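Since the structure comes first, as structure tokens, the remarks are kept for the end.
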Amino acid sequence: MRIESVLYDKLDDEKVHCNVCNHYCLIKDNKHGFCQTRKNKGGTLYSYNFALLSSANVDPIEKKPLYHFLPTSLTYSLGGFRCNMGCLNCQNYIISQSSSNKCEAIEILPEIAVKNALEKGCKSIAWTYNEPTIYLEYVLQTAILSHEKGLKNIFISNGYMSDEALNLLLPHIDGFNIDLKSMDNDFYKNICQATLEPILNNLKKIYKNNKHLEITNLLIDGFNDSQKLIKDLVEFIATELGDEVPLHFSRFFPYYKMRDVSPTSIETLKRAKEIAIEAGLKYVYLGNVQANQNSYCPNCGELLIERNGYDISDKNKIIDNKCSNCKEDLNFNL
């Protein structure tokens with residue numbers, strides 16, 4: 001379904017300047033931008049992916065991963081096609097590097113998405129699987145309707161949205177998980193076709209706007225797993241954001257254009273967690289690996305939430321966002 005883009009500038013000679021993400025594509029007439037979902041037709045920029053999805057599933061919210069936002073709840077997960085990055089290691093490349101068409105896409109209008117989420121007993125809608133920024137118009141329309149019906153909205157993103165797009169999103173998104181891939185700009189340029197600084201700025205803005213924020217870092221041996229890069233990442237979180245922001249170190253597996261790279265060693269993940277804890281981060285988890293995923297009070301060590309895969313225990317040890325044992329202030333949105 002075609003819809004006019006909400007963020008673009010009209011230029012001379014029927015060119016347009018897309019302002020949805022940090023590529024800020026200059027697009028000539030009858031051409032697409034980087035993400036291949038927005039096309040200039042006669043000096044008007046259109047999104048061609050409105051309400052066209054690759055996936056619609058009910059997931060445990062922990063799968064996103066979000067461990068501190070509505071824990072133990074279900075979320076209605078929506079994902080589409082294409083991306084504004086070109087990561088060589090993409091785990092969802094089949095959809096992120098493919099365009100939607102009416103033969104393969106599921107069409108779910110905003111009001112139907114909200115209706116489905118409510119009927120399936122979900123407490124939120126998750127924008128996930130591919131980069132939701134390129135679905136900006138669809139996300140905004142659906143998120144407004146979902147808030148009216150008491151649902152929350154969560155955004156699982158690479159964080160490469162433009163400042164203008166983030167301004168539009170912030171009033172309507174309740175929780176974010178941002179994939180901070182590395183603290184090395186060369187990694188972003190060579191592996192992801194992107195740059196680091198806009199992502200760091202967006203993280204700071206999300207945090208300063210008091211939105212729930214969790215961060216995922218996919219560690220790849222030999223690429224972004226040096227002790228310096230891990231220290232830089234956790235120090236950024238501790239100093240520029242807050243030590244209460246949950247951090248998920250995730251294990252890489254060979255995929256897409258990095259099939260010749262070995263899976264992340266368990267030792268790398270354990271070392272990263274140790275570095276994060278030593279830097280003062282209160283909530284650090286390991287993903288894509290068999291490991292202790294439980295949440296503990298950072299003050300007294302009380303078991304707050306027990307996780308066995310996606311089998312989650314009750315959260316009755318958290319009362320008024322405090323530890324029931326020592327009354328320590330916690331960072332959970334229940």
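As shown in the structure tokens, the chain order sets the letters A, B, ...; within each chain, residues go from 1, and ligands are also counted from 1 in the order they appear.
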
Name the residues in contact with Ser162 in chain A at a cut-off of 9 Å, using only C-alpha atoms, excluding same-chain residues fewer than 2 positions from it; report them as a short mmCIF file (atom, residue, chain, number, x, y, z; two decimals) with all heavy atoms, in the first residue's frame.
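Writing the result to part14.cif gives the following:
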data_model
loop_
_atom_site.label_atom_id
_atom_site.label_comp_id
_atom_site.auth_asym_id
_atom_site.auth_seq_id
_atom_site.Cartn_x
_atom_site.Cartn_y
_atom_site.Cartn_z
N ASN A 19 14.11 12.21 5.10
CA ASN A 19 14.57 12.53 6.45
C ASN A 19 14.16 11.48 7.49
O ASN A 19 14.05 11.78 8.67
CB ASN A 19 14.04 13.90 6.87
CG ASN A 19 14.50 15.00 5.94
OD1 ASN A 19 15.64 15.00 5.48
ND2 ASN A 19 13.61 15.94 5.64
N VAL A 20 13.94 10.25 7.05
CA VAL A 20 13.46 9.21 7.97
C VAL A 20 14.59 8.60 8.78
O VAL A 20 14.44 8.31 9.96
CB VAL A 20 12.69 8.12 7.20
CG1 VAL A 20 12.39 6.92 8.09
CG2 VAL A 20 11.38 8.71 6.67
N CYS A 21 15.74 8.40 8.16
CA CYS A 21 16.86 7.82 8.91
C CYS A 21 18.13 8.60 8.61
O CYS A 21 18.13 9.57 7.86
CB CYS A 21 17.02 6.33 8.62
SG CYS A 21 18.00 5.93 7.14
N ASN A 22 19.24 8.16 9.20
CA ASN A 22 20.47 8.92 9.11
C ASN A 22 21.23 8.75 7.80
O ASN A 22 22.33 9.30 7.65
CB ASN A 22 21.37 8.60 10.30
CG ASN A 22 21.09 9.52 11.47
OD1 ASN A 22 21.51 10.67 11.48
ND2 ASN A 22 20.33 9.02 12.44
N HIS A 23 20.67 8.05 6.85
CA HIS A 23 21.22 8.09 5.50
C HIS A 23 20.85 9.39 4.80
O HIS A 23 21.57 9.85 3.91
CB HIS A 23 20.73 6.90 4.67
CG HIS A 23 21.38 5.61 5.02
ND1 HIS A 23 22.72 5.37 4.82
CD2 HIS A 23 20.88 4.47 5.58
CE1 HIS A 23 23.02 4.15 5.23
NE2 HIS A 23 21.93 3.58 5.68
N TYR A 24 19.72 9.98 5.20
CA TYR A 24 19.24 11.22 4.58
C TYR A 24 19.40 11.16 3.06
O TYR A 24 20.06 11.99 2.45
CB TYR A 24 19.99 12.42 5.16
CG TYR A 24 19.58 12.75 6.58
CD1 TYR A 24 20.40 12.44 7.65
CD2 TYR A 24 18.36 13.38 6.84
CE1 TYR A 24 20.03 12.73 8.95
CE2 TYR A 24 17.97 13.69 8.14
CZ TYR A 24 18.81 13.35 9.19
OH TYR A 24 18.43 13.64 10.48
N THR A 133 11.99 1.53 11.80
CA THR A 133 12.04 2.94 11.40
C THR A 133 11.53 3.15 9.98
O THR A 133 10.87 4.15 9.69
CB THR A 133 13.49 3.47 11.52
OG1 THR A 133 13.90 3.40 12.88
CG2 THR A 133 13.59 4.90 11.05
N GLY A 159 18.61 1.71 15.95
CA GLY A 159 18.86 3.05 16.46
C GLY A 159 19.31 4.06 15.45
O GLY A 159 19.77 5.15 15.81
N TYR A 160 19.17 3.74 14.14
CA TYR A 160 19.69 4.63 13.11
C TYR A 160 18.62 5.55 12.54
O TYR A 160 18.76 6.09 11.45
CB TYR A 160 20.32 3.79 11.99
CG TYR A 160 21.41 4.50 11.22
CD1 TYR A 160 22.49 5.08 11.86
CD2 TYR A 160 21.38 4.56 9.83
CE1 TYR A 160 23.50 5.72 11.15
CE2 TYR A 160 22.38 5.19 9.10
CZ TYR A 160 23.44 5.77 9.78
OH TYR A 160 24.45 6.40 9.08
N GLU A 164 14.62 13.67 13.48
CA GLU A 164 13.23 14.05 13.20
C GLU A 164 12.28 12.87 13.41
O GLU A 164 11.18 13.03 13.96
CB GLU A 164 13.10 14.56 11.76
CG GLU A 164 13.95 15.78 11.45
CD GLU A 164 15.31 15.45 10.87
OE1 GLU A 164 15.92 14.44 11.28
OE2 GLU A 164 15.76 16.21 9.98
N ALA A 165 12.70 11.69 12.97
CA ALA A 165 11.86 10.51 13.16
C ALA A 165 11.73 10.16 14.64
O ALA A 165 10.64 9.80 15.10
CB ALA A 165 12.44 9.32 12.39
N LEU A 166 12.83 10.26 15.37
CA LEU A 166 12.77 9.95 16.80
C LEU A 166 11.84 10.92 17.52
O LEU A 166 11.10 10.51 18.43
CB LEU A 166 14.17 10.00 17.40
CG LEU A 166 14.29 9.58 18.87
CD1 LEU A 166 13.69 8.19 19.10
CD2 LEU A 166 15.75 9.61 19.32
N ASN A 167 11.85 12.18 17.12
CA ASN A 167 10.92 13.14 17.73
C ASN A 167 9.47 12.72 17.52
O ASN A 167 8.63 12.92 18.42
CB ASN A 167 11.14 14.53 17.13
CG ASN A 167 12.41 15.20 17.64
OD1 ASN A 167 12.92 14.86 18.71
ND2 ASN A 167 12.93 16.14 16.87
N PRO A 198 25.31 8.87 15.26
CA PRO A 198 23.87 9.11 15.39
C PRO A 198 23.18 8.13 16.34
O PRO A 198 22.21 8.50 17.01
CB PRO A 198 23.35 8.93 13.95
CG PRO A 198 24.54 9.14 13.08
CD PRO A 198 25.70 8.62 13.86
N ASN A 202 21.02 9.11 19.61
CA ASN A 202 19.63 8.66 19.79
C ASN A 202 19.45 7.94 21.11
O ASN A 202 18.42 8.11 21.78
CB ASN A 202 19.24 7.73 18.63
CG ASN A 202 18.95 8.50 17.35
OD1 ASN A 202 18.66 9.69 17.38
ND2 ASN A 202 19.06 7.82 16.21
#

- Message: Taking 3 positions as the minimum chain separation for residues in the same chain, which residues sit within 9 Å of Cys297 in chain A when counting only C-alpha atoms? Answer as number ranges by chain.
- Response: A: 282-283, 300-304, 322-323, 325-326, 328-330

File of the preceding selection, N, CA and C atoms, as a tab-separated table (two decimals), in the first residue's frame:
chain	number	residue	atom	x	y	z
A	282	LYS	N	24.11	-2.63	36.61
A	282	LYS	CA	23.35	-3.41	37.58
A	282	LYS	C	22.67	-4.64	36.99
A	283	TYR	N	22.36	-4.58	35.70
A	283	TYR	CA	21.60	-5.68	35.09
A	283	TYR	C	22.28	-6.07	33.77
A	300	CYS	N	20.95	-6.50	47.26
A	300	CYS	CA	21.03	-7.62	48.21
A	300	CYS	C	21.13	-8.98	47.53
A	301	GLY	N	20.96	-9.03	46.21
A	301	GLY	CA	21.07	-10.30	45.49
A	301	GLY	C	19.81	-11.14	45.50
A	302	GLU	N	18.70	-10.63	46.01
A	302	GLU	CA	17.44	-11.36	46.04
A	302	GLU	C	17.00	-11.73	44.61
A	303	LEU	N	16.57	-12.98	44.43
A	303	LEU	CA	16.04	-13.41	43.14
A	303	LEU	C	14.70	-12.72	42.90
A	304	LEU	N	14.64	-11.91	41.86
A	304	LEU	CA	13.44	-11.14	41.56
A	304	LEU	C	12.55	-11.83	40.53
A	322	LYS	N	10.33	-1.80	43.90
A	322	LYS	CA	11.38	-1.95	44.90
A	322	LYS	C	11.55	-3.43	45.22
A	323	CYS	N	12.74	-3.78	45.65
A	323	CYS	CA	13.00	-5.14	46.10
A	323	CYS	C	12.22	-5.41	47.38
A	325	ASN	N	12.78	-7.49	49.56
A	325	ASN	CA	13.68	-7.87	50.66
A	325	ASN	C	14.38	-6.67	51.29
A	326	CYS	N	15.02	-5.82	50.45
A	326	CYS	CA	15.83	-4.72	51.01
A	326	CYS	C	15.30	-3.34	50.66
A	328	GLU	N	15.42	-1.80	47.85
A	328	GLU	CA	16.22	-1.11	46.86
A	328	GLU	C	15.35	-0.70	45.66
A	329	ASP	N	15.54	0.53	45.18
A	329	ASP	CA	14.85	0.98	43.97
A	329	ASP	C	15.33	0.16	42.78
A	330	LEU	N	14.37	-0.30	41.96
A	330	LEU	CA	14.70	-1.16	40.83
A	330	LEU	C	14.30	-0.48	39.53

- Expressed in Å to a single decimal, how great is the separation between CA of Thr72 in chain A and CA of Ile112 in chain A?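 Between CA of Thr72 in chain A and CA of Ile112 in chain A the gap is 24.2 Å.
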
- Message: I need the residues of range 116-266 of chain A that end up classed as helix (DSSP H, G or I) by DSSP on the backbone, written out as a PyMOL selection string.
- Response: chain A and resi 116-119+132-148+163-169+185-192+197-208+227-241+266

- Query: range 137-266 of chain A: which residues are strand (DSSP E or B) by DSSP, as a list in words?
  - Reply: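 Checking each residue of range 137-266 of chain A, the strand (DSSP E or B) ones are Lys152, Asn153, Ile154, Phe155, Ile156, Ser157, Met161, Gly175, Phe176, Asn177, Ile178, Asp179, His212, Leu213, Glu214, Ile215, Thr216, Asn217, Leu218, Leu219, Leu247, His248, Phe249, Ser250 and Arg251 of chain A.
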
- Write out as a count of residues only each polymer residue whose atoms come within 10 Å of Ser265 in chain A, counting only C-alpha atoms; drop sequence neighbours fewer than 5 positions from it. 6

- Long-range neighbours of Asp59 in chain A as an MDAnalysis selection string, 12 Å cut-off, only C-alpha atoms, 4 positions minimum in chain: chainID A and resid 55 63:66 71:78 117 120:129 310:311

Write the residues you've just listed into a file as an mmCIF file, in the first residue's frame, and include N, CA, C and O atoms for each of them.
data_model
loop_
_atom_site.group_PDB
_atom_site.id
_atom_site.type_symbol
_atom_site.label_atom_id
_atom_site.label_comp_id
_atom_site.auth_asym_id
_atom_site.auth_seq_id
_atom_site.Cartn_x
_atom_site.Cartn_y
_atom_site.Cartn_z
ATOM 1 N N SER A 55 5.722 -10.803 8.973
ATOM 2 C CA SER A 55 5.443 -11.652 10.133
ATOM 3 C C SER A 55 4.498 -10.955 11.095
ATOM 4 O O SER A 55 4.555 -9.729 11.272
ATOM 5 N N LYS A 63 11.510 -12.317 24.564
ATOM 6 C CA LYS A 63 12.152 -12.742 23.317
ATOM 7 C C LYS A 63 12.715 -11.561 22.529
ATOM 8 O O LYS A 63 13.536 -11.740 21.633
ATOM 9 N N LYS A 64 12.332 -10.340 22.868
ATOM 10 C CA LYS A 64 12.679 -9.182 22.043
ATOM 11 C C LYS A 64 14.161 -8.826 22.007
ATOM 12 O O LYS A 64 14.586 -8.394 20.927
ATOM 13 N N PRO A 65 15.046 -8.840 22.974
ATOM 14 C CA PRO A 65 14.734 -9.132 24.370
ATOM 15 C C PRO A 65 14.439 -7.863 25.178
ATOM 16 O O PRO A 65 15.158 -6.877 25.094
ATOM 17 N N LEU A 66 13.361 -7.932 25.953
ATOM 18 C CA LEU A 66 13.062 -6.933 26.983
ATOM 19 C C LEU A 66 12.804 -7.696 28.272
ATOM 20 O O LEU A 66 11.821 -8.430 28.361
ATOM 21 N N PRO A 71 7.431 -7.660 32.282
ATOM 22 C CA PRO A 71 7.923 -9.045 32.308
ATOM 23 C C PRO A 71 6.792 -10.048 32.488
ATOM 24 O O PRO A 71 5.818 -9.774 33.175
ATOM 25 N N THR A 72 6.934 -11.187 31.862
ATOM 26 C CA THR A 72 6.015 -12.331 31.828
ATOM 27 C C THR A 72 4.810 -12.091 30.901
ATOM 28 O O THR A 72 3.952 -12.962 30.798
ATOM 29 N N SER A 73 4.747 -10.936 30.221
ATOM 30 C CA SER A 73 3.594 -10.648 29.367
ATOM 31 C C SER A 73 3.843 -11.117 27.934
ATOM 32 O O SER A 73 4.956 -11.460 27.543
ATOM 33 N N LEU A 74 2.765 -11.098 27.151
ATOM 34 C CA LEU A 74 2.841 -11.391 25.725
ATOM 35 C C LEU A 74 2.821 -10.086 24.928
ATOM 36 O O LEU A 74 2.193 -9.102 25.333
ATOM 37 N N THR A 75 3.508 -10.101 23.789
ATOM 38 C CA THR A 75 3.508 -8.937 22.905
ATOM 39 C C THR A 75 3.161 -9.378 21.491
ATOM 40 O O THR A 75 3.558 -10.464 21.052
ATOM 41 N N TYR A 76 2.397 -8.557 20.792
ATOM 42 C CA TYR A 76 2.023 -8.838 19.402
ATOM 43 C C TYR A 76 3.122 -8.284 18.513
ATOM 44 O O TYR A 76 3.280 -7.065 18.373
ATOM 45 N N SER A 77 3.902 -9.176 17.925
ATOM 46 C CA SER A 77 5.114 -8.803 17.212
ATOM 47 C C SER A 77 4.847 -8.661 15.721
ATOM 48 O O SER A 77 4.382 -9.602 15.069
ATOM 49 N N LEU A 78 5.190 -7.490 15.188
ATOM 50 C CA LEU A 78 4.985 -7.196 13.782
ATOM 51 C C LEU A 78 6.315 -6.868 13.124
ATOM 52 O O LEU A 78 7.106 -6.098 13.658
ATOM 53 N N ALA A 117 -4.033 -7.753 18.631
ATOM 54 C CA ALA A 117 -3.255 -7.752 19.872
ATOM 55 C C ALA A 117 -4.150 -7.919 21.096
ATOM 56 O O ALA A 117 -3.842 -8.699 22.007
ATOM 57 N N LYS A 120 -5.650 -11.494 21.358
ATOM 58 C CA LYS A 120 -4.666 -12.519 21.693
ATOM 59 C C LYS A 120 -4.096 -12.352 23.101
ATOM 60 O O LYS A 120 -3.164 -13.072 23.492
ATOM 61 N N GLY A 121 -4.639 -11.418 23.851
ATOM 62 C CA GLY A 121 -4.226 -11.256 25.244
ATOM 63 C C GLY A 121 -2.880 -10.579 25.435
ATOM 64 O O GLY A 121 -2.243 -10.751 26.480
ATOM 65 N N CYS A 122 -2.451 -9.814 24.441
ATOM 66 C CA CYS A 122 -1.161 -9.124 24.534
ATOM 67 C C CYS A 122 -1.311 -7.799 25.279
ATOM 68 O O CYS A 122 -2.360 -7.162 25.236
ATOM 69 N N LYS A 123 -0.235 -7.391 25.927
ATOM 70 C CA LYS A 123 -0.216 -6.100 26.607
ATOM 71 C C LYS A 123 0.495 -5.030 25.799
ATOM 72 O O LYS A 123 0.518 -3.860 26.194
ATOM 73 N N SER A 124 1.080 -5.440 24.678
ATOM 74 C CA SER A 124 1.852 -4.483 23.891
ATOM 75 C C SER A 124 1.906 -4.931 22.437
ATOM 76 O O SER A 124 1.608 -6.082 22.105
ATOM 77 N N ILE A 125 2.315 -3.989 21.595
ATOM 78 C CA ILE A 125 2.668 -4.290 20.208
ATOM 79 C C ILE A 125 4.161 -4.044 20.065
ATOM 80 O O ILE A 125 4.677 -2.993 20.479
ATOM 81 N N ALA A 126 4.866 -5.013 19.504
ATOM 82 C CA ALA A 126 6.313 -4.908 19.309
ATOM 83 C C ALA A 126 6.615 -4.714 17.831
ATOM 84 O O ALA A 126 6.156 -5.483 16.993
ATOM 85 N N TRP A 127 7.392 -3.698 17.555
ATOM 86 C CA TRP A 127 7.875 -3.462 16.197
ATOM 87 C C TRP A 127 9.255 -4.091 16.110
ATOM 88 O O TRP A 127 10.210 -3.607 16.723
ATOM 89 N N THR A 128 9.381 -5.174 15.353
ATOM 90 C CA THR A 128 10.539 -6.045 15.497
ATOM 91 C C THR A 128 10.791 -6.823 14.201
ATOM 92 O O THR A 128 10.176 -6.538 13.171
ATOM 93 N N TYR A 129 11.721 -7.754 14.242
ATOM 94 C CA TYR A 129 12.115 -8.638 13.125
ATOM 95 C C TYR A 129 12.956 -7.929 12.053
ATOM 96 O O TYR A 129 14.035 -8.385 11.710
ATOM 97 N N TYR A 310 11.766 -19.279 28.048
ATOM 98 C CA TYR A 310 10.682 -18.302 28.083
ATOM 99 C C TYR A 310 9.621 -18.677 29.118
ATOM 100 O O TYR A 310 8.515 -18.134 29.115
ATOM 101 N N ASP A 311 9.978 -19.588 30.008
ATOM 102 C CA ASP A 311 9.133 -19.916 31.155
ATOM 103 C C ASP A 311 9.552 -18.998 32.292
ATOM 104 O O ASP A 311 10.632 -19.149 32.875
#

- Item | Option closest in space to Tyr255 in chain A, from A:Gln293, A:Ser182, A:Thr142, A:Asn89 [counting only C-alpha atoms] | A:Asn89

- Please provide the set of residues having any atom within 8 Å of Glu240 in chain A, restricted to only C-alpha atoms, with same-chain residues fewer than 4 positions apart removed, written as a list in words. Lys204, Glu235 and Phe236 of chain A

Output N, CA and C atoms of each residue in that selection to a file, as a CSV table (one decimal), in the first residue's frame.
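Contents of the output file out_11.csv:
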chain,number,residue,atom,x,y,z
A,204,LYS,N,21.1,8.5,23.9
A,204,LYS,CA,21.0,9.5,24.9
A,204,LYS,C,19.7,10.3,25.0
A,235,GLU,N,31.1,1.7,29.6
A,235,GLU,CA,31.4,3.0,30.1
A,235,GLU,C,30.4,4.1,29.5
A,236,PHE,N,30.1,3.9,28.2
A,236,PHE,CA,29.1,4.8,27.6
A,236,PHE,C,27.8,4.7,28.3

- Item | Selection: 10 Å around range 46-48 of chain A, only C-alpha atoms, excl. self and same-chain fewer than 6 positions, as a PyMOL selection string | chain A and resi 1-6+8+18+32+36-40+99-101+134-138

- Which residue out of A:Glu107, A:Asp179, A:Asp174, A:Glu14 has the minimum interatomic distance to Thr216 in chain A when only C-alpha atoms are used? A:Asp179

- Message: So that I can check the surroundings of Ser250 in chain A, please list as a ChimeraX atom specification every protein, DNA and RNA residue that reaches within 9 Å of it, counting only C-alpha atoms and ignoring chain neighbours fewer than 2 positions away.
- Response: /A:216-219,248,252,264,269,285-289
